[in-house]
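What follows is a single structure, written as structure tokens, with notes after it.
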Amino acid sequence: MAVDDCGAAKATEIVSDRWTFLIIREAFYGVSRYDDIRADIGIPRSVLTDRLKKLVAAGLLLRKPYREEGARTRYGYHLTDKGMDLGLMIIALMQWGDEHLKDGDAALALRDQSTGAPLKVALVGDDVEGIPWNDVRIEVLKGRAVLGDG
């Protein structure tokens, strides 16, 4: 098998830079509006526009219109099922960074929605059923509310 045929190599063609990764993270946290994404990660407009177009074209984000009263139609960016499947990558990197790179406590904790038990990313066998996203609560330890919050 050629190195370029590896799934990791193909994935990095899409999620290949910090901005793209942070945009996906924001969408995973439930942030969908252009201005909110821009403010949260401090990305230049031209770069954000370019990355959003690429993520929509790759089928990771879906562009949905919305309109606030008295304003023009704008578009929000929402994860597709394909994009949502990147959640484990985001959580794995977050957990690795919290353990090896941070000086202090984690900003988020993952918990089982029904039991409150802590969750972490791990390898499992085919006979072990994973926890569906709607059964995961992301608990904010620092910052604002995100996916699965109350």
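Convention: chains lettered A, B, ... in structure tokens order; per-chain residue numbering from 1; ligands numbered from 1 as shown.
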
Members of chain A assigned strand (DSSP E) by DSSP, as a list in words: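 Reading the DSSP output for chain A, strand (DSSP E) covers Leu61, Leu62, Arg63, Lys64, Pro65, Tyr66, Arg74, Tyr75, Gly76, Tyr77, His78, Leu79, Leu108, Ala109, Leu110, Arg111, Asp112, Val136, Arg137, Ile138, Glu139 and Val140 of chain A.
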
How about saving the chosen residues, N, CA and C atoms kept, as an mmCIF file, in the first residue's frame?
```
data_model
loop_
_atom_site.group_PDB
_atom_site.id
_atom_site.type_symbol
_atom_site.label_atom_id
_atom_site.label_comp_id
_atom_site.auth_asym_id
_atom_site.auth_seq_id
_atom_site.Cartn_x
_atom_site.Cartn_y
_atom_site.Cartn_z
ATOM 1 N N LEU A 61 -19.098 19.984 6.394
ATOM 2 C CA LEU A 61 -20.028 21.003 6.882
ATOM 3 C C LEU A 61 -21.148 21.192 5.879
ATOM 4 N N LEU A 62 -22.309 21.522 6.388
ATOM 5 C CA LEU A 62 -23.472 21.847 5.573
ATOM 6 C C LEU A 62 -23.806 23.309 5.812
ATOM 7 N N ARG A 63 -24.010 24.040 4.747
ATOM 8 C CA ARG A 63 -24.329 25.469 4.824
ATOM 9 C C ARG A 63 -25.850 25.622 4.881
ATOM 10 N N LYS A 64 -26.358 26.222 5.971
ATOM 11 C CA LYS A 64 -27.801 26.364 6.158
ATOM 12 C C LYS A 64 -28.154 27.838 6.338
ATOM 13 N N PRO A 65 -29.171 28.315 5.592
ATOM 14 C CA PRO A 65 -29.552 29.724 5.736
ATOM 15 C C PRO A 65 -30.293 29.978 7.054
ATOM 16 N N TYR A 66 -30.123 31.166 7.580
ATOM 17 C CA TYR A 66 -30.900 31.636 8.722
ATOM 18 C C TYR A 66 -31.072 33.138 8.548
ATOM 19 N N ARG A 74 -28.343 35.049 6.176
ATOM 20 C CA ARG A 74 -26.949 34.647 6.376
ATOM 21 C C ARG A 74 -26.913 33.120 6.401
ATOM 22 N N TYR A 75 -25.720 32.579 6.512
ATOM 23 C CA TYR A 75 -25.579 31.126 6.506
ATOM 24 C C TYR A 75 -24.813 30.658 7.726
ATOM 25 N N GLY A 76 -25.309 29.576 8.309
ATOM 26 C CA GLY A 76 -24.619 28.902 9.394
ATOM 27 C C GLY A 76 -23.970 27.650 8.836
ATOM 28 N N TYR A 77 -22.975 27.170 9.527
ATOM 29 C CA TYR A 77 -22.218 25.999 9.091
ATOM 30 C C TYR A 77 -22.357 24.915 10.147
ATOM 31 N N HIS A 78 -22.939 23.787 9.726
ATOM 32 C CA HIS A 78 -23.269 22.705 10.650
ATOM 33 C C HIS A 78 -22.582 21.419 10.201
ATOM 34 N N LEU A 79 -22.125 20.640 11.167
ATOM 35 C CA LEU A 79 -21.479 19.384 10.846
ATOM 36 C C LEU A 79 -22.443 18.407 10.200
ATOM 37 N N LEU A 108 -12.637 21.158 29.424
ATOM 38 C CA LEU A 108 -13.859 20.386 29.201
ATOM 39 C C LEU A 108 -13.727 19.005 29.812
ATOM 40 N N ALA A 109 -14.863 18.425 30.169
ATOM 41 C CA ALA A 109 -14.911 17.033 30.604
ATOM 42 C C ALA A 109 -16.032 16.352 29.837
ATOM 43 N N LEU A 110 -15.800 15.140 29.423
ATOM 44 C CA LEU A 110 -16.820 14.350 28.739
ATOM 45 C C LEU A 110 -17.438 13.389 29.739
ATOM 46 N N ARG A 111 -18.766 13.338 29.750
ATOM 47 C CA ARG A 111 -19.467 12.472 30.693
ATOM 48 C C ARG A 111 -20.590 11.728 29.996
ATOM 49 N N ASP A 112 -20.886 10.547 30.509
ATOM 50 C CA ASP A 112 -22.035 9.782 30.042
ATOM 51 C C ASP A 112 -23.281 10.545 30.477
ATOM 52 N N VAL A 136 -23.616 11.646 25.118
ATOM 53 C CA VAL A 136 -22.413 12.279 25.654
ATOM 54 C C VAL A 136 -22.740 13.704 26.069
ATOM 55 N N ARG A 137 -22.314 14.056 27.267
ATOM 56 C CA ARG A 137 -22.451 15.441 27.741
ATOM 57 C C ARG A 137 -21.056 16.031 27.830
ATOM 58 N N ILE A 138 -20.858 17.167 27.185
ATOM 59 C CA ILE A 138 -19.585 17.872 27.307
ATOM 60 C C ILE A 138 -19.774 18.915 28.387
ATOM 61 N N GLU A 139 -19.074 18.736 29.467
ATOM 62 C CA GLU A 139 -19.197 19.606 30.629
ATOM 63 C C GLU A 139 -18.119 20.679 30.566
ATOM 64 N N VAL A 140 -18.541 21.909 30.648
ATOM 65 C CA VAL A 140 -17.614 23.027 30.582
ATOM 66 C C VAL A 140 -17.012 23.258 31.960
#
```

List the spatial neighbours of Asp35 of chain A as a PyMOL selection string - criterion: any atom at most 12 Å away, only C-alpha atoms, same-chain residues fewer than 3 positions off excluded. chain A and resi 23+26+31-32+38-45+48-49+74-77

Taking the backbone alone, and naming residues the way the document does, which bits of segment 17-146 of chain A are alpha helix (DSSP H) by DSSP, as a PyMOL selection string? chain A and resi 18-28+34-41+45-57+81-84+87-100
